[in-house]
>>> print(open('structure.csv').read())   # CSV, C-alpha atoms
chain,number,residue,atom,x,y,z
A,26,MET,CA,171.5,7.6,174.1
A,27,SER,CA,172.4,9.3,177.3
A,28,LEU,CA,175.7,11.2,177.3
A,29,THR,CA,178.4,12.4,179.7
A,30,LEU,CA,180.8,15.2,178.9
A,31,ARG,CA,184.1,15.6,180.6
A,32,THR,CA,187.6,16.9,180.2
A,33,ILE,CA,189.9,14.4,178.5
A,34,SER,CA,193.7,14.1,178.0
A,35,ARG,CA,195.3,15.2,174.7
A,36,GLU,CA,196.2,11.5,174.1
A,37,GLN,CA,192.5,10.5,174.3
A,38,HIS,CA,191.5,13.4,172.1
A,39,LEU,CA,194.1,12.5,169.4
A,40,ALA,CA,193.2,8.8,169.5
A,41,TYR,CA,189.5,9.8,168.8
A,42,ILE,CA,190.4,12.1,165.9
A,43,GLN,CA,192.6,9.4,164.4
A,44,SER,CA,189.7,6.9,164.6
A,45,LEU,CA,187.6,9.2,162.3
A,46,PRO,CA,187.8,9.5,158.4
A,47,ALA,CA,188.6,13.2,158.9
A,48,ALA,CA,188.2,16.3,161.1
A,49,SER,CA,189.1,19.9,160.9
A,50,HIS,CA,192.8,20.8,161.5
A,51,MET,CA,191.5,23.3,164.1
A,52,GLN,CA,190.1,20.5,166.2
A,53,VAL,CA,193.3,18.4,166.6
A,54,PRO,CA,194.9,18.8,170.1
A,55,ALA,CA,198.1,20.4,168.7
A,56,TRP,CA,196.1,23.3,167.4
A,57,ALA,CA,196.0,24.5,171.0
A,58,ASP,CA,199.9,24.9,170.8
A,59,VAL,CA,199.5,26.9,167.5
A,60,LYS,CA,197.1,29.3,169.3
A,61,ALA,CA,199.5,29.8,172.2
A,62,GLU,CA,197.8,33.0,173.3
A,63,TRP,CA,194.7,31.1,174.2
A,64,ARG,CA,194.2,28.7,177.1
A,65,SER,CA,192.8,25.4,176.0
A,66,GLU,CA,190.9,22.3,177.1
A,67,ASN,CA,190.0,19.0,175.4
A,68,LEU,CA,186.5,17.8,175.9
A,69,GLY,CA,185.1,14.3,175.3
A,70,TRP,CA,181.5,13.0,175.0
A,71,PHE,CA,180.9,9.5,176.3
A,72,ASP,CA,178.0,7.1,175.7
A,73,ASP,CA,176.8,6.2,179.2
A,74,ARG,CA,175.7,2.7,178.1
A,75,THR,CA,179.0,1.6,176.7
A,76,GLY,CA,181.5,4.1,178.2
A,77,GLU,CA,182.7,4.6,174.6
A,78,MET,CA,183.9,8.1,173.5
A,79,VAL,CA,181.6,9.4,170.8
A,80,GLY,CA,182.6,13.0,170.3
A,81,ALA,CA,185.4,15.5,171.1
A,82,GLY,CA,186.1,19.2,171.0
A,83,LEU,CA,189.1,21.5,171.3
A,84,VAL,CA,188.1,24.6,173.3
A,85,LEU,CA,190.2,27.8,173.2
A,86,TYR,CA,189.6,30.3,176.0
A,87,ARG,CA,190.5,34.0,175.5
A,88,GLN,CA,190.4,36.2,178.5
A,89,LEU,CA,188.4,39.4,178.3
A,90,PRO,CA,190.7,42.4,179.0
A,91,LYS,CA,190.8,43.3,182.8
A,92,ILE,CA,188.4,40.6,184.0
A,93,LYS,CA,188.7,36.9,184.7
A,94,ARG,CA,186.0,35.8,182.2
A,95,TYR,CA,186.5,34.1,178.9
A,96,LEU,CA,185.3,33.7,175.4
A,97,ALA,CA,185.2,30.0,174.7
A,98,TYR,CA,185.8,29.2,171.1
A,99,LEU,CA,185.5,25.8,169.2
A,100,PRO,CA,186.8,26.6,165.7
A,101,GLU,CA,185.2,24.3,163.1
A,102,GLY,CA,184.0,22.1,166.0
A,103,PRO,CA,183.1,20.4,168.1
A,104,VAL,CA,183.5,17.0,166.4
A,105,ILE,CA,180.1,15.4,167.4
A,106,ASN,CA,177.2,13.8,165.6
A,107,TRP,CA,175.5,17.0,164.4
A,108,PHE,CA,172.6,15.2,162.9
A,109,ALA,CA,171.7,13.4,166.1
A,110,PRO,CA,168.0,13.8,166.9
A,111,ASN,CA,168.9,14.7,170.5
A,112,LEU,CA,171.3,17.5,169.6
A,113,ASP,CA,170.5,19.5,172.7
A,114,GLU,CA,171.7,16.6,174.9
A,115,TRP,CA,175.1,17.1,173.2
A,116,ILE,CA,175.2,20.9,173.4
A,117,GLN,CA,173.6,21.7,176.8
A,118,PRO,CA,176.2,19.8,178.9
A,119,MET,CA,178.9,21.6,176.9
A,120,LEU,CA,177.4,25.0,177.7
A,121,ALA,CA,177.0,24.2,181.4
A,122,HIS,CA,180.7,23.0,181.5
A,123,LEU,CA,182.0,26.1,179.7
A,124,LYS,CA,180.0,28.4,182.1
A,125,GLN,CA,181.6,26.6,185.0
A,126,GLN,CA,185.0,27.3,183.5
A,127,GLY,CA,184.3,31.0,183.5
A,128,ALA,CA,183.1,31.5,179.9
A,129,PHE,CA,180.8,34.5,179.4
A,130,SER,CA,180.2,33.6,175.7
A,131,VAL,CA,180.7,30.6,173.5
A,132,LYS,CA,181.5,30.6,169.8
A,133,MET,CA,181.5,27.4,167.7
A,134,GLY,CA,181.6,26.5,164.0
A,135,PRO,CA,179.5,23.3,163.2
A,136,PRO,CA,181.5,21.4,160.5
A,137,VAL,CA,178.2,20.9,158.6
A,138,ILE,CA,177.9,21.7,154.9
A,139,ILE,CA,174.5,23.2,153.9
A,140,ARG,CA,174.9,23.7,150.1
A,141,ARG,CA,177.3,23.0,147.2
A,142,TRP,CA,177.7,24.5,143.8
A,143,GLU,CA,179.6,22.8,141.0
A,144,ALA,CA,182.2,24.8,139.0
A,145,ASN,CA,180.0,24.9,135.9
A,146,SER,CA,177.1,26.4,137.8
A,147,ILE,CA,179.4,29.1,139.2
A,148,LYS,CA,180.8,29.9,135.7
A,149,GLN,CA,177.3,30.3,134.4
A,150,GLY,CA,176.5,32.5,137.4
A,151,ILE,CA,179.5,34.7,136.7
A,152,GLN,CA,178.3,35.3,133.1
A,153,ASN,CA,174.8,36.2,134.3
A,154,PRO,CA,174.6,40.0,135.1
A,155,ASP,CA,171.7,39.4,137.5
A,156,VAL,CA,173.8,37.1,139.7
A,157,LYS,CA,175.8,39.0,142.3
A,158,ARG,CA,176.4,36.3,144.9
A,159,LEU,CA,176.9,32.6,145.2
A,160,ARG,CA,173.5,32.5,147.0
A,161,ASP,CA,171.8,33.8,143.8
A,162,ILE,CA,172.7,30.6,142.0
A,163,GLU,CA,170.6,27.4,142.4
A,164,PRO,CA,172.8,25.0,144.4
A,165,ASP,CA,173.6,21.6,142.9
A,166,PHE,CA,173.3,20.0,146.3
A,167,ILE,CA,171.4,20.8,149.5
A,168,GLU,CA,171.7,19.0,152.8
A,169,PRO,CA,168.2,19.2,154.3
A,170,ARG,CA,169.5,18.0,157.7
A,171,ALA,CA,171.7,21.1,158.0
A,172,PHE,CA,168.6,23.3,158.1
A,173,GLU,CA,167.3,21.2,160.9
A,174,VAL,CA,170.6,21.7,162.8
A,175,ALA,CA,170.3,25.5,162.3
A,176,ASP,CA,166.6,25.4,163.6
A,177,LYS,CA,167.6,23.4,166.7
A,178,LEU,CA,170.5,25.8,167.5
A,179,ARG,CA,168.2,28.9,167.2
A,180,ARG,CA,165.6,27.2,169.5
A,181,MET,CA,168.4,26.6,172.0
A,182,GLY,CA,169.2,30.3,172.0
A,183,TRP,CA,172.3,30.3,169.7
A,184,GLN,CA,172.7,33.4,167.6
A,185,GLN,CA,174.3,34.1,164.2
A,186,GLY,CA,175.5,37.6,163.1
A,187,GLU,CA,175.0,38.8,159.6
A,188,ASP,CA,178.7,37.9,158.8
A,189,GLY,CA,178.5,34.7,160.7
A,190,GLY,CA,179.2,36.5,164.0
A,191,ALA,CA,181.9,38.7,165.3
A,192,GLY,CA,184.1,37.9,168.2
A,193,PHE,CA,187.7,37.2,169.2
A,194,GLY,CA,189.7,34.8,167.1
A,195,ASP,CA,190.0,34.3,163.4
A,196,VAL,CA,186.5,34.0,162.2
A,197,GLN,CA,186.5,31.0,159.8
A,198,PRO,CA,185.3,31.2,156.2
A,199,ARG,CA,181.7,30.2,155.7
A,200,TYR,CA,182.3,29.5,152.0
A,201,VAL,CA,185.2,27.3,150.8
A,202,PHE,CA,186.2,25.7,147.6
A,203,GLN,CA,186.9,22.0,147.4
A,204,VAL,CA,188.1,19.4,144.9
A,205,PRO,CA,186.5,16.0,145.6
A,206,LEU,CA,188.9,13.1,145.1
A,207,ALA,CA,187.0,10.1,146.3
A,208,ASN,CA,186.1,7.5,143.6
A,209,ARG,CA,187.8,9.6,140.9
A,210,SER,CA,191.0,9.0,138.9
A,211,LEU,CA,193.7,11.6,138.7
A,212,GLU,CA,192.9,11.8,134.9
A,213,GLU,CA,189.3,12.8,135.7
A,214,VAL,CA,190.5,15.4,138.1
A,215,HIS,CA,192.9,16.9,135.6
A,216,LYS,CA,190.2,16.7,132.8
A,217,ASN,CA,187.9,18.8,135.1
A,218,PHE,CA,190.3,21.7,135.2
A,219,ASN,CA,189.4,24.5,132.9
A,220,GLN,CA,191.4,25.1,129.7
A,221,LEU,CA,193.4,27.9,131.3
A,222,TRP,CA,194.5,25.8,134.2
A,223,ARG,CA,195.5,22.9,131.9
A,224,ARG,CA,197.4,25.3,129.7
A,225,ASN,CA,199.2,26.9,132.6
A,226,ILE,CA,200.2,23.5,134.1
A,227,LYS,CA,201.7,22.6,130.7
A,228,LYS,CA,203.4,26.0,130.4
A,229,ALA,CA,205.1,25.6,133.8
A,230,GLU,CA,206.2,22.1,132.8
A,231,LYS,CA,207.7,23.3,129.5
A,232,ALA,CA,209.5,26.2,131.3
A,233,GLY,CA,211.1,23.8,133.7
A,234,VAL,CA,209.3,24.9,136.9
A,235,GLU,CA,210.0,22.3,139.6
A,236,VAL,CA,207.9,21.8,142.7
A,237,VAL,CA,209.8,20.7,145.8
A,238,GLN,CA,208.9,20.0,149.5
A,239,GLY,CA,210.6,22.1,152.2
A,240,GLY,CA,211.2,21.6,155.9
A,241,TYR,CA,211.4,23.7,159.1
A,242,GLN,CA,214.7,25.2,157.9
A,243,ASP,CA,212.9,26.7,154.8
A,244,LEU,CA,210.3,28.6,156.8
A,245,ALA,CA,212.4,31.8,156.6
A,246,GLU,CA,212.3,31.6,152.7
A,247,TRP,CA,208.5,30.9,153.0
A,248,GLN,CA,208.2,34.1,155.1
A,249,ARG,CA,210.0,36.2,152.5
A,250,LEU,CA,207.5,35.2,149.8
A,251,TYR,CA,204.6,35.5,152.2
A,252,GLU,CA,205.6,39.1,153.2
A,253,ILE,CA,205.9,40.1,149.5
A,254,THR,CA,202.3,38.7,149.0
A,255,ALA,CA,201.1,40.7,152.1
A,256,VAL,CA,202.3,44.0,150.7
A,257,ARG,CA,200.8,43.2,147.3
A,258,ASP,CA,197.4,42.1,148.6
A,259,HIS,CA,197.2,44.6,151.5
A,260,PHE,CA,196.9,42.2,154.5
A,261,ARG,CA,198.8,42.0,157.8
A,262,PRO,CA,201.2,39.0,157.6
A,263,ARG,CA,201.6,36.6,160.5
A,264,PRO,CA,205.1,36.6,161.9
A,265,LEU,CA,207.7,33.8,161.1
A,266,SER,CA,207.4,32.6,164.7
A,267,TYR,CA,203.7,31.7,164.0
A,268,PHE,CA,204.6,29.3,161.2
A,269,GLN,CA,207.6,27.9,163.2
A,270,ARG,CA,205.2,27.2,166.1
A,271,MET,CA,202.6,25.7,163.7
A,272,TRP,CA,205.2,23.4,162.1
A,273,THR,CA,206.6,22.2,165.4
A,274,ALA,CA,203.3,21.7,167.1
A,275,LEU,CA,201.5,20.0,164.3
A,276,ASN,CA,204.3,17.7,163.1
A,277,THR,CA,205.2,16.7,166.6
A,278,GLU,CA,201.7,15.4,167.0
A,279,ASP,CA,201.8,13.7,163.6
A,280,PRO,CA,204.9,13.8,161.4
A,281,ASN,CA,202.7,14.2,158.3
A,282,ARG,CA,200.3,16.9,159.6
A,283,MET,CA,201.9,19.9,157.9
A,284,ARG,CA,203.9,20.2,154.7
A,285,LEU,CA,205.6,23.1,152.9
A,286,TYR,CA,205.9,23.4,149.1
A,287,PHE,CA,208.0,25.7,146.8
A,288,ALA,CA,207.7,26.2,143.0
A,289,ARG,CA,211.0,27.2,141.6
A,290,HIS,CA,212.4,28.2,138.3
A,291,ASN,CA,216.1,28.4,137.5
A,292,GLY,CA,216.8,27.8,141.2
A,293,VAL,CA,214.7,30.8,142.3
A,294,ASN,CA,211.6,30.2,144.5
A,295,LEU,CA,208.6,31.9,143.0
A,296,SER,CA,205.7,30.6,145.0
A,297,ALA,CA,205.1,28.6,148.2
A,298,ALA,CA,202.3,27.0,150.1
A,299,THR,CA,201.5,25.2,153.3
A,300,MET,CA,199.4,22.0,153.3
A,301,LEU,CA,197.6,20.5,156.3
A,302,ILE,CA,196.5,16.8,156.5
A,303,VAL,CA,194.0,15.3,158.9
A,304,GLY,CA,192.8,11.8,157.8
A,305,GLY,CA,191.3,12.1,154.4
A,306,HIS,CA,190.9,15.8,154.4
A,307,VAL,CA,193.8,17.9,152.9
A,308,TRP,CA,193.9,21.7,153.0
A,309,TYR,CA,195.9,24.2,151.0
A,310,SER,CA,196.2,26.5,154.0
A,311,TYR,CA,198.5,29.5,153.2
A,312,GLY,CA,199.8,30.6,149.8
A,313,ALA,CA,202.5,33.1,148.8
A,314,SER,CA,204.2,34.2,145.6
A,315,ASP,CA,206.8,36.7,144.3
A,316,ASN,CA,206.0,39.5,142.0
A,317,ILE,CA,208.4,38.1,139.4
A,318,GLY,CA,208.2,34.9,137.3
A,319,ARG,CA,204.5,34.8,137.0
A,320,GLU,CA,204.7,34.1,133.3
A,321,VAL,CA,206.0,30.6,134.0
A,322,ARG,CA,202.8,29.8,136.1
A,323,PRO,CA,204.5,28.5,139.3
A,324,SER,CA,201.2,28.6,141.3
A,325,ASN,CA,199.3,26.3,138.9
A,326,ALA,CA,202.3,23.9,138.9
A,327,MET,CA,202.4,23.9,142.7
A,328,GLN,CA,198.7,23.3,143.2
A,329,TRP,CA,198.7,20.4,140.7
A,330,ARG,CA,201.6,18.8,142.6
A,331,MET,CA,199.9,19.3,146.0
A,332,LEU,CA,196.7,17.8,144.6
A,333,ARG,CA,198.5,14.8,143.2
A,334,ASP,CA,200.3,14.3,146.6
A,335,ALA,CA,196.9,14.6,148.4
A,336,TYR,CA,195.5,12.0,146.0
A,337,ALA,CA,198.5,9.7,146.7
A,338,LEU,CA,197.8,10.0,150.5
A,339,GLY,CA,194.3,8.6,149.8
A,340,ALA,CA,192.6,12.0,150.5
A,341,THR,CA,188.9,12.2,149.8
A,342,VAL,CA,188.9,16.0,149.4
A,343,TYR,CA,191.5,18.7,148.5
A,344,ASP,CA,190.3,21.9,150.2
A,345,LEU,CA,191.4,25.2,148.8
A,346,ARG,CA,189.8,27.0,151.9
A,347,GLY,CA,188.0,30.3,151.9
A,348,ILE,CA,186.3,32.2,149.1
A,349,SER,CA,184.1,35.2,149.2
A,350,ASP,CA,180.5,34.6,148.1
A,351,SER,CA,180.7,37.7,145.9
A,352,LEU,CA,180.6,37.0,142.1
A,353,ASP,CA,181.0,40.7,141.3
A,354,GLU,CA,184.0,41.1,138.9
A,355,THR,CA,184.9,44.5,140.5
A,356,ASP,CA,185.2,42.8,144.0
A,357,HIS,CA,188.9,42.6,145.1
A,358,LEU,CA,188.3,39.0,146.1
A,359,PHE,CA,186.8,38.0,142.7
A,360,GLY,CA,190.2,36.8,141.4
A,361,LEU,CA,190.5,34.3,144.2
A,362,ILE,CA,187.2,32.5,143.4
A,363,GLN,CA,188.1,32.7,139.7
A,364,PHE,CA,191.4,31.0,140.3
A,365,LYS,CA,189.8,28.3,142.5
A,366,VAL,CA,186.9,27.6,140.1
A,367,GLY,CA,189.4,26.8,137.5
A,368,THR,CA,190.2,23.5,139.4
A,369,GLY,CA,186.8,22.2,138.4
A,370,GLY,CA,185.9,21.5,142.0
A,371,GLU,CA,182.9,22.9,144.0
A,372,ALA,CA,182.0,25.7,146.3
A,373,ALA,CA,180.6,24.6,149.7
A,374,GLU,CA,178.7,26.7,152.2
A,375,TYR,CA,179.1,25.7,155.9
A,376,LEU,CA,176.5,26.5,158.6
A,377,GLY,CA,178.8,29.4,159.7
A,378,GLU,CA,179.8,30.3,163.2
A,379,TRP,CA,177.3,30.6,166.1
A,380,ASP,CA,177.4,32.5,169.4
A,381,PHE,CA,175.8,31.7,172.7
A,382,PRO,CA,175.9,34.6,175.2
A,383,LEU,CA,176.1,33.0,178.7
A,384,ASN,CA,176.3,36.5,180.1
A,385,LYS,CA,174.4,38.9,177.9
A,386,LEU,CA,176.0,42.0,179.3
A,387,LEU,CA,179.6,40.9,178.8
A,388,HIS,CA,178.7,39.4,175.4
A,389,LYS,CA,177.3,42.8,174.3
A,390,ALA,CA,180.4,44.6,175.7
A,391,LEU,CA,182.6,42.2,173.6
A,392,ASP,CA,180.6,43.0,170.5
A,393,ILE,CA,181.1,46.7,171.1
A,394,TYR,CA,184.8,46.3,171.8
A,395,MET,CA,185.3,44.2,168.7
A,396,SER,CA,183.4,46.7,166.4
A,397,ARG,CA,185.7,49.4,167.6
A,398,ARG,CA,189.0,47.5,167.0
>>> encode(input="structure.csv", output="structure tokens")
Amino acid sequence: MSLTLRTISREQHLAYIQSLPAASHMQVPAWADVKAEWRSENLGWFDDRTGEMVGAGLVLYRQLPKIKRYLAYLPEGPVINWFAPNLDEWIQPMLAHLKQQGAFSVKMGPPVIIRRWEANSIKQGIQNPDVKRLRDIEPDFIEPRAFEVADKLRRMGWQQGEDGGAGFGDVQPRYVFQVPLANRSLEEVHKNFNQLWRRNIKKAEKAGVEVVQGGYQDLAEWQRLYEITAVRDHFRPRPLSYFQRMWTALNTEDPNRMRLYFARHNGVNLSAATMLIVGGHVWYSYGASDNIGREVRPSNAMQWRMLRDAYALGATVYDLRGISDSLDETDHLFGLIQFKVGTGGEAAEYLGEWDFPLNKLLHKALDIYMSRR
């Protein structure tokens, strides 16, 4: 199949994404409006024989300080046939185009899953003192074609850092936790929760915790809980304006792209979360909670409601996003994986992010600049 790559309109890009079963929320055209500090471009791949569009990519361009050269970033993209035998015929025209646009380096995140581990395997791993990382556990599923993709990328000159590569932008998690929903009943999903989760959901119900959906006007209340969480968990919170922009951009593109949930008890909001929806893929994207009211288990109640809503939308997967691959109980991120494993889902490892230095000198300079930041 011979291919042509060209810039497309946002409308064409959106129509293509809508024709697919799912795609990353970072590859919808509106994500460019969320990342307002980057310049953006929509790319389309076309089959020369039929003229039909067969792939798309959202590129974000970030200018290097003081010079007119850019880092080109395709977060969790592009959305192409990664298992095509002629992968270089998809990738090479993209590199040539990005170079023409003034890019000195390209970063992308192939949305290809390489391994999966079921909750039970992870639980056994946690109990085994010899197991320190997810990688130390025998996976329950391996995608052999993913290794071929990695080999092809290396042969083309793509590089991967130890951490999946450093660079501008929010480096996306390589390990995520997902609850598969396709061909399963809600009862099965609930049965798969561990005892603690089931007990906590019941506890919240008994205590009268209610979970409600909010709107744009409730983002200030979301921000209040999110900033409490940031202080407690020692991270730098995004400003309210970021979530307002996210809400406006994503829901203008599709009125059901982003949702906001609150779990409240006696009229007081105790926890909150944002949810993103693209086709059959639903993400729990940001979470927040107060330091009070934890005994009524608002977070478990909220996740169960979001999961049920995802199921009602016909989602095939409920994605709890990033986890660390460390299974060391002293690791500060261990609580996160423990919480997510309780849902009875599975950990998935993506191929990670890859870099292509179009200008080796500037790429090196960027690496040095980023390591000093």
>>> closest_atom_pairs(input="structure.csv", of="stretch 119-184 of chain A", to="stretch 84-92 of chain A", cutoff="10 Å", atoms="all atoms listed in the file", output="Markdown table")
| residue | atom | partner | partner_atom | distance |
| --- | --- | --- | --- | --- |
| A:Leu123 | CA | A:Val84 | CA | 9.0 |
| A:Gln126 | CA | A:Tyr86 | CA | 9.3 |
| A:Gly127 | CA | A:Tyr86 | CA | 9.2 |
| A:Ala128 | CA | A:Tyr86 | CA | 7.7 |
| A:Phe129 | CA | A:Leu89 | CA | 9.1 |
| A:Ser130 | CA | A:Tyr86 | CA | 10.0 |
| A:Val131 | CA | A:Tyr86 | CA | 9.2 |
| A:Lys132 | CA | A:Val84 | CA | 9.6 |
| A:Met133 | CA | A:Val84 | CA | 9.1 |
>>> write_last_selection(input="structure.csv", atoms="C-alpha atoms", output="mmCIF file, in the frame of the given file")
data_model
loop_
_atom_site.group_PDB
_atom_site.id
_atom_site.type_symbol
_atom_site.label_atom_id
_atom_site.label_comp_id
_atom_site.auth_asym_id
_atom_site.auth_seq_id
_atom_site.Cartn_x
_atom_site.Cartn_y
_atom_site.Cartn_z
ATOM 1 C CA LEU A 123 182.000 26.100 179.700
ATOM 2 C CA GLN A 126 185.000 27.300 183.500
ATOM 3 C CA GLY A 127 184.300 31.000 183.500
ATOM 4 C CA ALA A 128 183.100 31.500 179.900
ATOM 5 C CA PHE A 129 180.800 34.500 179.400
ATOM 6 C CA SER A 130 180.200 33.600 175.700
ATOM 7 C CA VAL A 131 180.700 30.600 173.500
ATOM 8 C CA LYS A 132 181.500 30.600 169.800
ATOM 9 C CA MET A 133 181.500 27.400 167.700
#
>>> axis_aligned_box(input="structure.csv", around="stretch 307-316 of chain A", padding_each_side="4 Å", output="lines of an AutoDock Vina configuration file")
center_x = 200.3
center_y = 28.7
center_z = 148.0
size_x = 21.0
size_y = 29.6
size_z = 20.0
>>> residues_around(input="structure.csv", residues="A:Ala255", least_positions_apart="5", cutoff="12 Å", atoms="all atoms listed in the file", output="list in words")
Gln248, Arg249, Leu250, Phe260, Arg261, Pro262, Arg263, Pro264, Tyr311, Gly312, Ala313, Ser314, Asp315 and Asn316 of chain A
>>> closest_residue(input="structure.csv", among="A:His388, A:Arg289, A:Arg284, A:Arg270", to="A:Ile302", atoms="all atoms listed in the file")
A:Arg284
>>> atom_distance(input="structure.csv", atom1="atom CA of A:Ile42", atom2="atom CA of A:Val201")
22.0 Å
>>> atom_distance(input="structure.csv", atom1="atom CA of A:Ile167", atom2="atom CA of A:Trp329")
28.7 Å
>>> closest_residue(input="structure.csv", among="A:Phe166, A:Phe108, A:Phe71, A:Trp63", to="A:Gln37", atoms="only C-alpha atoms")
A:Phe71
>>> atom_distance(input="structure.csv", atom1="atom CA of A:Leu301", atom2="atom CA of A:Glu371")
19.3 Å
>>> closest_residue(input="structure.csv", among="A:Ile226, A:Glu246, A:Asp279, A:Gly240", to="A:Met327", atoms="only C-alpha atoms")
A:Ile226
